[in-house]
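One structure is given below, encoded as structure tokens.
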Amino acid sequence: MKIASFNVNSLKARLGNVKDWLKDADPDVVCLQETKCTDDTFPRGELEDLGYNLAIHGQKTYNGVAILSKHPIEDAAPGLPEGDGDDHARYLEAVISVNGAAVRVASIYLPNGNPVDTEKFAYKLAWMDRLARHAKNLLKYEEPFVLAGDYNVIPMPEDVYDPAAWEGDALYRPESRARFRTLLNLGLTDAFRACHTEPHRYTFWDYQAGRWQKDQGIRIDHLLLSPQAADRLVACDIDKDIRDREKPSDHVPIWAEFDF
């Protein structure tokens, strides 16, 4: 079973690229972020025609997450718990039935948090605390789950082309990185690092300053696995080449294969 995450940076603007990638990569489950469309304007038919069932949590102009699955989707639940008054479409969780078993999958678009001297950074940190509490509760079920998405966190110096250039940025601030470690310390596994030790593998390159051409990227899209999912992990990689296509997203897909 192949589970992928892809921040598409506007699904309508990238729909052709997304469909081409889906046909080439053939993932079983895809978690999308930054779809930037409401549920009623989501291009449902074009993705269903490729064989996917859909769960959608949309928002006009901003945010937006979705789960695509070639297997049945059950118990789709939008919104991260403890979100009273939080109307950002940043979290969608569902159970995917496969081969008589089930895997829980979440599509996550974690807040950016910049500028750090504003309430945006406080919101990011509070959101990460909510995510950690929810992950801790999910672990009690002792079931395979994958928390997939754009975390807007650079975990380590080897995950950025120039750590000094990112000091002070919300994506690399010690507080953000510490909360990411909190998730790992709960017992979650970073799927990519479980399969790769080499530095400077990225999932995002800014559109400005020739970052893509210079390979000056950051790794901020992650698949975090429960122990039961980590035990079934077979492979994980990044589809970097899609960044070189016409009108690309500034992110590329990351995927993992499991033996379910």
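Every chain in the structure tokens has a letter given in the order shown (A, B, ...), and although residue numbers restart at 1 in each chain, ligands are simply numbered from 1 in the order shown.
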*Quick one: residues within 12 Å of Gly16 in chain A, only C-alpha atoms counted, chain neighbours fewer than 5 positions away excluded, as a PyMOL selection string?*
chain A and resi 8+10-11+21-23+43+46-47+242+245-249
*Running DSSP on the backbone, which parts of range 31-143 of chain A land in alpha helix (DSSP H), as an MDAnalysis selection string?*
chainID A and resid 44:48 119:139
Can you write just those residues out, N, CA and C atoms, as a compact mmCIF listing (two decimals), in the first residue's frame?
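Dumped to out_20.txt:
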```
# COMPACT_ATOMS: atom_id res chain seq x y z
N ARG A 44 -14.06 17.27 -7.85
CA ARG A 44 -14.34 15.89 -7.40
C ARG A 44 -14.37 14.90 -8.58
N GLY A 45 -15.10 15.25 -9.63
CA GLY A 45 -15.29 14.31 -10.73
C GLY A 45 -13.99 13.89 -11.39
N GLU A 46 -13.07 14.84 -11.58
CA GLU A 46 -11.83 14.52 -12.29
C GLU A 46 -10.95 13.57 -11.49
N LEU A 47 -11.04 13.63 -10.18
CA LEU A 47 -10.24 12.73 -9.35
C LEU A 47 -10.96 11.39 -9.14
N GLU A 48 -12.27 11.45 -9.06
CA GLU A 48 -13.02 10.19 -8.98
C GLU A 48 -12.86 9.37 -10.25
N GLU A 119 0.82 36.94 16.70
CA GLU A 119 0.00 35.85 17.22
C GLU A 119 0.06 34.61 16.34
N LYS A 120 0.57 34.75 15.10
CA LYS A 120 0.65 33.60 14.20
C LYS A 120 1.60 32.53 14.75
N PHE A 121 2.68 32.95 15.37
CA PHE A 121 3.62 31.97 15.93
C PHE A 121 3.02 31.28 17.14
N ALA A 122 2.33 32.04 17.97
CA ALA A 122 1.66 31.44 19.13
C ALA A 122 0.60 30.43 18.68
N TYR A 123 -0.11 30.76 17.61
CA TYR A 123 -1.11 29.84 17.06
C TYR A 123 -0.45 28.56 16.57
N LYS A 124 0.69 28.69 15.90
CA LYS A 124 1.41 27.51 15.41
C LYS A 124 1.79 26.59 16.57
N LEU A 125 2.38 27.17 17.62
CA LEU A 125 2.84 26.36 18.74
C LEU A 125 1.67 25.71 19.46
N ALA A 126 0.58 26.46 19.64
CA ALA A 126 -0.60 25.88 20.29
C ALA A 126 -1.20 24.77 19.44
N TRP A 127 -1.18 24.95 18.11
CA TRP A 127 -1.71 23.92 17.21
C TRP A 127 -0.86 22.65 17.32
N MET A 128 0.45 22.81 17.41
CA MET A 128 1.33 21.64 17.54
C MET A 128 1.11 20.95 18.88
N ASP A 129 0.82 21.71 19.93
CA ASP A 129 0.52 21.09 21.22
C ASP A 129 -0.77 20.28 21.13
N ARG A 130 -1.78 20.83 20.44
CA ARG A 130 -3.03 20.09 20.23
C ARG A 130 -2.77 18.80 19.45
N LEU A 131 -1.92 18.89 18.41
CA LEU A 131 -1.61 17.72 17.61
C LEU A 131 -0.93 16.65 18.45
N ALA A 132 -0.01 17.05 19.31
CA ALA A 132 0.69 16.09 20.16
C ALA A 132 -0.28 15.40 21.11
N ARG A 133 -1.21 16.16 21.67
CA ARG A 133 -2.19 15.54 22.58
C ARG A 133 -3.09 14.56 21.82
N HIS A 134 -3.47 14.94 20.61
CA HIS A 134 -4.31 14.04 19.81
C HIS A 134 -3.54 12.77 19.42
N ALA A 135 -2.29 12.94 19.01
CA ALA A 135 -1.47 11.78 18.65
C ALA A 135 -1.30 10.84 19.85
N LYS A 136 -1.13 11.42 21.02
CA LYS A 136 -1.00 10.60 22.23
C LYS A 136 -2.26 9.78 22.46
N ASN A 137 -3.42 10.38 22.21
CA ASN A 137 -4.68 9.64 22.36
C ASN A 137 -4.81 8.55 21.30
N LEU A 138 -4.41 8.86 20.06
CA LEU A 138 -4.49 7.85 19.00
C LEU A 138 -3.60 6.65 19.31
N LEU A 139 -2.47 6.90 19.92
CA LEU A 139 -1.55 5.80 20.23
C LEU A 139 -2.17 4.79 21.19
```
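Here the question is which of A:His57, A:His251, A:His196, A:Lys140 gets nearest to Pro227 in chain A using only C-alpha atoms, and that residue is A:Lys140.
For the set A:Glu167, A:Glu257, A:Asp86, A:Asp162, the residue with the smallest atom-to-atom gap to Val146 in chain A is A:Glu257, counting only C-alpha atoms.
Taking only C-alpha atoms into account, Phe260 in chain A lies nearest to A:Glu143 out of the set A:Thr35, A:Glu143, A:Ala148, A:Lys240.
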*Choose the residue, out of A:Cys195, A:Val234, A:Ala101, A:Leu32, that has the smallest atom-to-atom separation from Leu15 in chain A; count only C-alpha atoms.*
A:Leu32
*Pull the strand (DSSP E) assignments for range 5-227 of chain A out of DSSP run on the backbone, and list those residues as an MDAnalysis selection string.*
chainID A and resid 5:7 29:33 53:57 65:69 73:78 91:98 101:109 145:150 189:190 221:225
Residues from last step as file, C-alpha atoms, as an mmCIF file, in the first residue's frame:
```cif
data_model
loop_
_atom_site.group_PDB
_atom_site.id
_atom_site.type_symbol
_atom_site.label_atom_id
_atom_site.label_comp_id
_atom_site.auth_asym_id
_atom_site.auth_seq_id
_atom_site.Cartn_x
_atom_site.Cartn_y
_atom_site.Cartn_z
ATOM 1 C CA SER A 5 1.375 13.495 0.915
ATOM 2 C CA PHE A 6 1.379 16.458 -1.463
ATOM 3 C CA ASN A 7 0.946 20.167 -0.775
ATOM 4 C CA VAL A 29 -3.909 6.961 -0.643
ATOM 5 C CA VAL A 30 -3.005 10.631 -1.056
ATOM 6 C CA CYS A 31 -3.205 13.385 1.530
ATOM 7 C CA LEU A 32 -3.471 16.798 -0.128
ATOM 8 C CA GLN A 33 -2.829 20.170 1.479
ATOM 9 C CA ASN A 53 -12.799 7.976 -3.195
ATOM 10 C CA LEU A 54 -12.665 11.411 -1.597
ATOM 11 C CA ALA A 55 -12.884 13.044 1.800
ATOM 12 C CA ILE A 56 -12.688 16.854 1.675
ATOM 13 C CA HIS A 57 -12.279 19.643 4.212
ATOM 14 C CA VAL A 65 -7.030 19.454 3.032
ATOM 15 C CA ALA A 66 -8.297 16.287 1.382
ATOM 16 C CA ILE A 67 -7.789 12.532 1.389
ATOM 17 C CA LEU A 68 -7.947 10.476 -1.821
ATOM 18 C CA SER A 69 -8.145 6.709 -1.558
ATOM 19 C CA ILE A 73 -12.962 5.740 3.330
ATOM 20 C CA GLU A 74 -14.734 5.537 6.680
ATOM 21 C CA ASP A 75 -15.240 7.845 9.653
ATOM 22 C CA ALA A 76 -13.896 10.972 7.940
ATOM 23 C CA ALA A 77 -13.546 13.677 10.600
ATOM 24 C CA PRO A 78 -12.540 17.257 9.751
ATOM 25 C CA TYR A 91 -6.739 18.753 9.491
ATOM 26 C CA LEU A 92 -8.733 15.826 8.117
ATOM 27 C CA GLU A 93 -8.637 12.303 9.515
ATOM 28 C CA ALA A 94 -10.186 9.120 8.145
ATOM 29 C CA VAL A 95 -9.981 5.342 8.356
ATOM 30 C CA ILE A 96 -8.998 3.470 5.197
ATOM 31 C CA SER A 97 -10.166 -0.132 4.852
ATOM 32 C CA VAL A 98 -7.666 -2.400 3.093
ATOM 33 C CA ALA A 101 -7.747 -4.388 7.998
ATOM 34 C CA ALA A 102 -7.731 -0.647 8.561
ATOM 35 C CA VAL A 103 -5.222 2.184 8.682
ATOM 36 C CA ARG A 104 -5.993 5.623 10.047
ATOM 37 C CA VAL A 105 -4.679 8.496 7.933
ATOM 38 C CA ALA A 106 -4.611 12.231 8.588
ATOM 39 C CA SER A 107 -3.891 15.044 6.145
ATOM 40 C CA ILE A 108 -2.188 17.920 7.973
ATOM 41 C CA TYR A 109 -1.475 21.489 6.962
ATOM 42 C CA PHE A 145 -1.826 5.348 11.576
ATOM 43 C CA VAL A 146 -0.033 7.851 9.371
ATOM 44 C CA LEU A 147 0.000 11.580 10.129
ATOM 45 C CA ALA A 148 0.877 12.957 6.704
ATOM 46 C CA GLY A 149 1.320 16.480 5.534
ATOM 47 C CA ASP A 150 3.039 19.823 5.402
ATOM 48 C CA THR A 189 8.562 7.448 13.399
ATOM 49 C CA ASP A 190 9.687 9.880 10.691
ATOM 50 C CA ASP A 221 6.603 17.560 4.420
ATOM 51 C CA HIS A 222 6.589 14.517 6.662
ATOM 52 C CA LEU A 223 4.930 11.155 7.227
ATOM 53 C CA LEU A 224 4.861 10.331 10.943
ATOM 54 C CA LEU A 225 3.958 6.742 11.750
#
```
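Note that the spacing between CA of Cys236 in chain A and CA of Pro253 in chain A amounts to 10.9 Å.
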*So which residues touch Lys36 in chain A within 7 Å, counting only C-alpha atoms, skipping near sequence neighbours fewer than 5 positions away, as a PyMOL selection string?*
chain A and resi 10-11+58-64
*asked:* Taking only C-alpha atoms into account, name the residue in A:Ala209, A:Met1, A:Ile220, A:Met156 that is nearest to Thr197 in chain A.
replied: A:Met156
